[in-house]
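Below: one structure, written as structure tokens.
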Amino acid sequence: MKIAFIGLGNMGAPMARNLAAAGHKVTGFDTAAPAPEGVTMAPSAADAAAGAEVVFTMLPNGQILRTVADELVPAMAAGAVLCDCSTVDVQSAREVAAQAEAAGLGALDAPVSGGVGGAAAGTLTFMVGGSDAAFATVRPLFEIMGQKAVHCGGPGAGQAAKICNNMILGVTMIATCEAFALADKLGLDRQRMFDVVSTSSGYSWSMNAYCPAPGVGPQSPADNGYKPGFAAELMLKDLRLSQQAAEGADADTPMGRLAADLYARFVEEEDGRGRDFSAMLPRFEGRGRS
Ligand code: NAD
């Protein structure tokens, strides 16, 4: 297939490289990043998109996505699909999809989980919103870049799934970290705490697969000095998107709001920036109740 890939940063570069390695003709554009292996660079996003059957975007936020979409949509061939894989607000995802569909294009929002490691290994999970036809067109490409693509519903449904999942993740990571800090103060050994909770009703992905306590459970960023992994500032971004969506939809999400506030403090006022989001544990460790 003829593919365009706009936004070749930490995630976009390995995704585009995997598409090219699978034999597709990939033309890329980025305002700063260099060409990934196998990708031909174009002088603009519009040039990259001209004649492409599928145009991927992997950009920092919804505002940039809207600006880039304004350039892409008029340049794309009728019937082509615009597939945004960035994590953006639900509103931007829906508006860009409506803009593309009004111009006779297909549109998907397809944010990912799996991080930079998953992008490099081709094992991402895609959460996809948009029409059946657009999903069917892009599905073989999702299968190259990822191990799973779930069609979640209409436009915006992929972003909705992503921010709901990550709201649960942020809340459970905080709960897991504060429980470890309480266990420490009660004199409970961390390994014993893990042995009980990971097989009891307090278990979660945060405890079982990504344990925030160094030397306990499977290998995780805690065992590597809390080097990300999934950086605290990216968790903060997703928690803010969940709160923005909750406000728009009038949903009551008190735990999500508290998680967003805590990660904001951690990243913006404490030492959380550049650390893995599980570094909430050393944060709680050093604190008392006040
Ligand atoms: P990044 O900052 O490394 O990459 C973004 C790229 O977009 C950069 O290379 C930048 O130069 C480029 N860009 C910015 N404005 C542009 C424009 N107008 N035209 C063309 N290119 C432009 O970010 P990333 O880590 O690759 O993340 C991309 C998206 O994926 C974000 O929405 C992020 O939330 C999401 N995401 C990231 C991860 C992760 O672990 N890094 C995991 C899941 C989802």
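Each chain of the structure tokens is named A, B, ... in the order shown, its residues numbered from 1; ligands are numbered from 1 in display order.
Residues of protein, DNA or RNA having any atom at most 6 Å from ligand 1, counting only C-alpha atoms and all ligand atoms, are A:Ile6, A:Gly7, A:Leu8, A:Gly9, A:Asn10, A:Met11, A:Gly12, A:Phe29, A:Asp30, A:Thr31, A:Ala32, A:Ala33, A:Met58, A:Leu59, A:Pro60, A:Asn61, A:Ile64, A:Val68, A:Ser86, A:Thr87, A:Val112, A:Ser113, A:Gly115, A:Val116, A:Phe230.
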Exercise for the section: Could you give me, as a PyMOL selection string, the residues within 12 Å of Asp261 of chain A, counting only C-alpha atoms and dropping anything in the same chain fewer than 2 positions from it? Expected result: chain A and resi 170-171+174+235-237+239-240+243+254-259+263-269
Go ahead and save the picked residues with C-alpha atoms, as a PDB file, in the first residue's frame.
```
ATOM      1  CA  GLY A 170      -3.484   6.100  37.154  1.00  0.00           C
ATOM      2  CA  VAL A 171      -5.874   5.483  40.035  1.00  0.00           C
ATOM      3  CA  ILE A 174      -1.593   5.486  43.124  1.00  0.00           C
ATOM      4  CA  MET A 235       0.184   9.757  32.631  1.00  0.00           C
ATOM      5  CA  LEU A 236      -0.647  13.333  33.625  1.00  0.00           C
ATOM      6  CA  LYS A 237      -1.534  14.154  30.004  1.00  0.00           C
ATOM      7  CA  LEU A 239      -5.505  11.945  33.210  1.00  0.00           C
ATOM      8  CA  ARG A 240      -6.116  15.549  32.135  1.00  0.00           C
ATOM      9  CA  GLN A 243     -11.027  15.002  33.205  1.00  0.00           C
ATOM     10  CA  PRO A 254     -13.734  11.982  41.729  1.00  0.00           C
ATOM     11  CA  MET A 255     -10.940   9.378  41.811  1.00  0.00           C
ATOM     12  CA  GLY A 256      -9.796  10.346  38.339  1.00  0.00           C
ATOM     13  CA  ARG A 257      -9.726  13.990  39.381  1.00  0.00           C
ATOM     14  CA  LEU A 258      -7.675  13.220  42.480  1.00  0.00           C
ATOM     15  CA  ALA A 259      -5.253  11.127  40.405  1.00  0.00           C
ATOM     16  CA  TYR A 263       0.273  13.541  39.141  1.00  0.00           C
ATOM     17  CA  ALA A 264       0.160  17.297  38.421  1.00  0.00           C
ATOM     18  CA  ARG A 265       1.806  18.005  41.773  1.00  0.00           C
ATOM     19  CA  PHE A 266       4.308  15.176  41.249  1.00  0.00           C
ATOM     20  CA  VAL A 267       5.327  16.375  37.766  1.00  0.00           C
ATOM     21  CA  GLU A 268       5.075  20.139  38.159  1.00  0.00           C
ATOM     22  CA  GLU A 269       6.136  20.790  41.769  1.00  0.00           C
TER      23      GLU A 269
END
```
Exercise for the section: Please identify all polymer residues within 12 Å of Glu285 of chain A, counting only C-alpha atoms, omitting same-chain residues fewer than 2 positions from it, and present them as a ChimeraX atom specification. Expected result: /A:177-185,212-213,279-283,287-289
Problem - Near-Gly158 of chain A list (8 Å; only C-alpha atoms; drop same-chain fewer than 6 positions) as a PyMOL selection string - result: chain A and resi 109-111+126-129+151-152
Preceding selection exported with all heavy atoms as a PDB file, in the first residue's frame:
```pdb
ATOM      1  N   ASP A 109      -9.932   7.204  14.670  1.00  0.00           N
ATOM      2  CA  ASP A 109      -9.055   7.534  15.796  1.00  0.00           C
ATOM      3  C   ASP A 109      -8.594   6.183  16.347  1.00  0.00           C
ATOM      4  O   ASP A 109      -9.405   5.293  16.590  1.00  0.00           O
ATOM      5  CB  ASP A 109      -9.748   8.398  16.861  1.00  0.00           C
ATOM      6  CG  ASP A 109     -11.055   7.821  17.362  1.00  0.00           C
ATOM      7  OD1 ASP A 109     -12.032   7.803  16.576  1.00  0.00           O
ATOM      8  OD2 ASP A 109     -11.112   7.383  18.532  1.00  0.00           O
ATOM      9  N   ALA A 110      -7.259   6.040  16.462  1.00  0.00           N
ATOM     10  CA  ALA A 110      -6.703   4.725  16.821  1.00  0.00           C
ATOM     11  C   ALA A 110      -5.531   4.886  17.771  1.00  0.00           C
ATOM     12  O   ALA A 110      -4.395   4.551  17.445  1.00  0.00           O
ATOM     13  CB  ALA A 110      -6.279   3.977  15.560  1.00  0.00           C
ATOM     14  N   PRO A 111      -5.800   5.429  18.985  1.00  0.00           N
ATOM     15  CA  PRO A 111      -4.699   5.571  19.936  1.00  0.00           C
ATOM     16  C   PRO A 111      -4.177   4.194  20.350  1.00  0.00           C
ATOM     17  O   PRO A 111      -4.858   3.186  20.158  1.00  0.00           O
ATOM     18  CB  PRO A 111      -5.349   6.303  21.120  1.00  0.00           C
ATOM     19  CG  PRO A 111      -6.791   5.966  21.030  1.00  0.00           C
ATOM     20  CD  PRO A 111      -7.094   5.827  19.560  1.00  0.00           C
ATOM     21  N   PHE A 126      -4.208  -1.329  19.499  1.00  0.00           N
ATOM     22  CA  PHE A 126      -4.919  -0.175  18.934  1.00  0.00           C
ATOM     23  C   PHE A 126      -6.362  -0.189  19.421  1.00  0.00           C
ATOM     24  O   PHE A 126      -7.025  -1.228  19.371  1.00  0.00           O
ATOM     25  CB  PHE A 126      -4.917  -0.244  17.403  1.00  0.00           C
ATOM     26  CG  PHE A 126      -3.560   0.001  16.787  1.00  0.00           C
ATOM     27  CD1 PHE A 126      -2.655  -1.045  16.629  1.00  0.00           C
ATOM     28  CD2 PHE A 126      -3.182   1.271  16.389  1.00  0.00           C
ATOM     29  CE1 PHE A 126      -1.400  -0.826  16.078  1.00  0.00           C
ATOM     30  CE2 PHE A 126      -1.931   1.508  15.834  1.00  0.00           C
ATOM     31  CZ  PHE A 126      -1.041   0.459  15.684  1.00  0.00           C
ATOM     32  N   MET A 127      -6.833   0.968  19.893  1.00  0.00           N
ATOM     33  CA  MET A 127      -8.234   1.143  20.291  1.00  0.00           C
ATOM     34  C   MET A 127      -8.852   2.055  19.251  1.00  0.00           C
ATOM     35  O   MET A 127      -8.441   3.212  19.129  1.00  0.00           O
ATOM     36  CB  MET A 127      -8.298   1.803  21.667  1.00  0.00           C
ATOM     37  CG  MET A 127      -7.720   0.929  22.757  1.00  0.00           C
ATOM     38  SD  MET A 127      -7.005   1.910  24.102  1.00  0.00           S
ATOM     39  CE  MET A 127      -5.272   1.715  23.768  1.00  0.00           C
ATOM     40  N   VAL A 128      -9.818   1.541  18.485  1.00  0.00           N
ATOM     41  CA  VAL A 128     -10.163   2.220  17.238  1.00  0.00           C
ATOM     42  C   VAL A 128     -11.611   2.697  17.221  1.00  0.00           C
ATOM     43  O   VAL A 128     -12.534   1.943  17.537  1.00  0.00           O
ATOM     44  CB  VAL A 128      -9.920   1.273  16.038  1.00  0.00           C
ATOM     45  CG1 VAL A 128     -10.051   2.045  14.730  1.00  0.00           C
ATOM     46  CG2 VAL A 128      -8.546   0.606  16.129  1.00  0.00           C
ATOM     47  N   GLY A 129     -11.785   3.959  16.825  1.00  0.00           N
ATOM     48  CA  GLY A 129     -13.126   4.505  16.596  1.00  0.00           C
ATOM     49  C   GLY A 129     -13.262   4.907  15.140  1.00  0.00           C
ATOM     50  O   GLY A 129     -12.313   5.405  14.539  1.00  0.00           O
ATOM     51  N   HIS A 151     -12.040  -2.690  17.560  1.00  0.00           N
ATOM     52  CA  HIS A 151     -12.916  -1.665  16.997  1.00  0.00           C
ATOM     53  C   HIS A 151     -13.959  -1.317  18.062  1.00  0.00           C
ATOM     54  O   HIS A 151     -14.843  -2.123  18.363  1.00  0.00           O
ATOM     55  CB  HIS A 151     -13.575  -2.185  15.718  1.00  0.00           C
ATOM     56  CG  HIS A 151     -14.270  -1.108  14.958  1.00  0.00           C
ATOM     57  ND1 HIS A 151     -15.079  -1.362  13.877  1.00  0.00           N
ATOM     58  CD2 HIS A 151     -14.272   0.243  15.102  1.00  0.00           C
ATOM     59  CE1 HIS A 151     -15.561  -0.215  13.410  1.00  0.00           C
ATOM     60  NE2 HIS A 151     -15.080   0.763  14.145  1.00  0.00           N
ATOM     61  N   CYS A 152     -13.814  -0.119  18.648  1.00  0.00           N
ATOM     62  CA  CYS A 152     -14.590   0.227  19.848  1.00  0.00           C
ATOM     63  C   CYS A 152     -15.922   0.896  19.535  1.00  0.00           C
ATOM     64  O   CYS A 152     -16.766   1.012  20.430  1.00  0.00           O
ATOM     65  CB  CYS A 152     -13.765   1.167  20.733  1.00  0.00           C
ATOM     66  SG  CYS A 152     -12.214   0.455  21.287  1.00  0.00           S
TER      67      CYS A 152
END
```
Problem - Non-local contacts of Gly51 of chain A (8 Å; only C-alpha atoms; under 6 positions in same chain excluded) as a PyMOL selection string - result: chain A and resi 2+76-77
Could you write out the selected residues, including C-alpha atoms, as a short mmCIF file (atom, residue, chain, number, x, y, z; two decimals), in the first residue's frame?
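So again.cif came out as:
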```
data_model
loop_
_atom_site.label_atom_id
_atom_site.label_comp_id
_atom_site.auth_asym_id
_atom_site.auth_seq_id
_atom_site.Cartn_x
_atom_site.Cartn_y
_atom_site.Cartn_z
CA LYS A 2 0.98 3.64 -0.41
CA MET A 76 -5.73 13.43 0.26
CA ALA A 77 -7.15 11.32 -2.57
#
```
Exercise for the section: Enumerate the residues of segment 90-282 of chain A with a DSSP assignment of alpha helix (DSSP H), computed from the backbone, and present them as a VMD selection string. Expected result: chain A and resid 90 to 102 115 to 121 132 to 145 157 to 185 190 to 197 205 to 208 232 to 249 254 to 268 280 to 282
Handout entry: DSSP-assigned strand (DSSP E or B) members of segment 2-162 of chain A, reported as a VMD selection string
Key = chain A and resid 2 to 6 25 to 29 40 to 41 54 to 57 81 to 84 106 to 109 112 to 113 124 to 130 146 to 153
Completion exercise
With distances taken over only C-alpha atoms, the candidate from A:Gly146, A:Gly202, A:Gly154, A:Pro218 nearest Asn18 of chain A is A:Gly146
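Of note, atom CA of Gly215 of chain A and atom CA of Ala120 of chain A are spaced 26.1 Å apart.
Using only C-alpha atoms, the contacts of Ala103 of chain A at a cut-off of 9 Å, with sequence neighbours closer than 4 positions omitted, comprise Val73, Pro74, Ala78, Ala98 and Gln99 of chain A.
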Please save all heavy atoms of the selected residues as an mmCIF file, in the first residue's frame.
```cif
data_model
loop_
_atom_site.group_PDB
_atom_site.id
_atom_site.type_symbol
_atom_site.label_atom_id
_atom_site.label_comp_id
_atom_site.auth_asym_id
_atom_site.auth_seq_id
_atom_site.Cartn_x
_atom_site.Cartn_y
_atom_site.Cartn_z
ATOM 1 N N VAL A 73 -6.317 17.052 4.830
ATOM 2 C CA VAL A 73 -7.609 16.656 4.261
ATOM 3 C C VAL A 73 -7.751 17.109 2.793
ATOM 4 O O VAL A 73 -8.099 16.294 1.924
ATOM 5 C CB VAL A 73 -8.781 17.139 5.155
ATOM 6 C CG1 VAL A 73 -10.114 17.044 4.442
ATOM 7 C CG2 VAL A 73 -8.803 16.307 6.450
ATOM 8 N N PRO A 74 -7.432 18.383 2.468
ATOM 9 C CA PRO A 74 -7.584 18.775 1.054
ATOM 10 C C PRO A 74 -6.578 18.093 0.120
ATOM 11 O O PRO A 74 -6.810 18.025 -1.095
ATOM 12 C CB PRO A 74 -7.315 20.293 1.064
ATOM 13 C CG PRO A 74 -7.268 20.709 2.492
ATOM 14 C CD PRO A 74 -6.989 19.505 3.312
ATOM 15 N N ALA A 78 -9.562 11.000 -2.865
ATOM 16 C CA ALA A 78 -10.905 10.563 -2.469
ATOM 17 C C ALA A 78 -10.868 9.090 -2.060
ATOM 18 O O ALA A 78 -10.210 8.284 -2.717
ATOM 19 C CB ALA A 78 -11.877 10.763 -3.622
ATOM 20 N N ALA A 98 -15.085 14.227 11.436
ATOM 21 C CA ALA A 98 -16.197 14.836 10.684
ATOM 22 C C ALA A 98 -15.666 15.630 9.486
ATOM 23 O O ALA A 98 -16.236 15.565 8.378
ATOM 24 C CB ALA A 98 -17.003 15.749 11.616
ATOM 25 N N GLN A 99 -14.557 16.333 9.701
ATOM 26 C CA GLN A 99 -13.936 17.112 8.625
ATOM 27 C C GLN A 99 -13.487 16.179 7.484
ATOM 28 O O GLN A 99 -13.727 16.463 6.303
ATOM 29 C CB GLN A 99 -12.724 17.845 9.216
ATOM 30 C CG GLN A 99 -11.915 18.679 8.243
ATOM 31 C CD GLN A 99 -10.663 19.272 8.938
ATOM 32 O OE1 GLN A 99 -10.357 18.930 10.092
ATOM 33 N NE2 GLN A 99 -9.975 20.148 8.253
#
```
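Atom CA of Leu82 of chain A is found 6.1 Å from atom CA of Gly106 of chain A.
Every protein or nucleic acid residue with an atom no more than 8 Å from segment 131-143 of chain A, counting only C-alpha atoms and leaving out same-chain residues fewer than 6 positions away, appears here: Leu19, Val54, Val81, Gly106, Ala107, Leu108, Ala149, His151, Gly153, Gly154 and Pro155 of chain A.
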Would you export the selected residues with all heavy atoms as a short mmCIF file (atom, residue, chain, number, x, y, z; two decimals), in the first residue's frame, please?
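Saved as again-v7.cif:
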```
data_model
loop_
_atom_site.label_atom_id
_atom_site.label_comp_id
_atom_site.auth_asym_id
_atom_site.auth_seq_id
_atom_site.Cartn_x
_atom_site.Cartn_y
_atom_site.Cartn_z
N LEU A 19 6.11 -0.58 9.12
CA LEU A 19 5.29 -0.62 7.91
C LEU A 19 6.17 -0.76 6.67
O LEU A 19 5.88 -1.54 5.76
CB LEU A 19 4.43 0.65 7.79
CG LEU A 19 3.30 0.78 8.82
CD1 LEU A 19 2.67 2.18 8.74
CD2 LEU A 19 2.23 -0.29 8.60
N VAL A 54 -3.61 5.37 2.82
CA VAL A 54 -3.82 5.57 4.26
C VAL A 54 -2.80 6.60 4.76
O VAL A 54 -1.62 6.51 4.42
CB VAL A 54 -3.64 4.26 5.06
CG1 VAL A 54 -3.79 4.51 6.57
CG2 VAL A 54 -4.65 3.21 4.60
N VAL A 81 -7.96 6.97 3.72
CA VAL A 81 -8.32 6.97 5.15
C VAL A 81 -7.29 7.75 5.95
O VAL A 81 -6.09 7.50 5.85
CB VAL A 81 -8.42 5.53 5.71
CG1 VAL A 81 -8.76 5.55 7.20
CG2 VAL A 81 -9.45 4.73 4.94
N GLY A 106 -12.21 8.44 4.55
CA GLY A 106 -12.46 7.65 5.75
C GLY A 106 -11.66 8.25 6.89
O GLY A 106 -10.68 8.96 6.66
N ALA A 107 -12.10 7.98 8.13
CA ALA A 107 -11.38 8.53 9.28
C ALA A 107 -11.44 7.56 10.44
O ALA A 107 -12.48 6.95 10.70
CB ALA A 107 -12.00 9.85 9.70
N LEU A 108 -10.31 7.41 11.13
CA LEU A 108 -10.26 6.58 12.34
C LEU A 108 -9.48 7.31 13.42
O LEU A 108 -8.48 7.98 13.11
CB LEU A 108 -9.52 5.25 12.06
CG LEU A 108 -10.13 4.29 11.06
CD1 LEU A 108 -9.18 3.11 10.83
CD2 LEU A 108 -11.49 3.76 11.54
N ALA A 149 -6.09 -5.08 17.61
CA ALA A 149 -6.82 -3.86 17.27
C ALA A 149 -8.28 -4.10 17.62
O ALA A 149 -8.90 -5.02 17.09
CB ALA A 149 -6.67 -3.53 15.79
N HIS A 151 -12.04 -2.69 17.56
CA HIS A 151 -12.92 -1.66 17.00
C HIS A 151 -13.96 -1.32 18.06
O HIS A 151 -14.84 -2.12 18.36
CB HIS A 151 -13.58 -2.18 15.72
CG HIS A 151 -14.27 -1.11 14.96
ND1 HIS A 151 -15.08 -1.36 13.88
CD2 HIS A 151 -14.27 0.24 15.10
CE1 HIS A 151 -15.56 -0.22 13.41
NE2 HIS A 151 -15.08 0.76 14.14
N GLY A 153 -16.12 1.37 18.32
CA GLY A 153 -17.36 2.07 17.98
C GLY A 153 -17.09 3.18 16.99
O GLY A 153 -16.10 3.14 16.25
N GLY A 154 -17.96 4.19 16.99
CA GLY A 154 -17.87 5.28 16.03
C GLY A 154 -16.76 6.27 16.38
O GLY A 154 -15.95 6.02 17.28
N PRO A 155 -16.73 7.42 15.66
CA PRO A 155 -15.65 8.40 15.87
C PRO A 155 -15.49 8.80 17.34
O PRO A 155 -16.48 9.08 18.01
CB PRO A 155 -16.09 9.59 15.02
CG PRO A 155 -16.96 9.00 13.97
CD PRO A 155 -17.66 7.83 14.61
#
```
Fill in the blank from the handout: Using only C-alpha atoms, the shortest atom-to-atom distance to Asp84 of chain A among A:Ala42, A:Ala4, A:Ala119, A:Ala22 belongs to A:Ala4
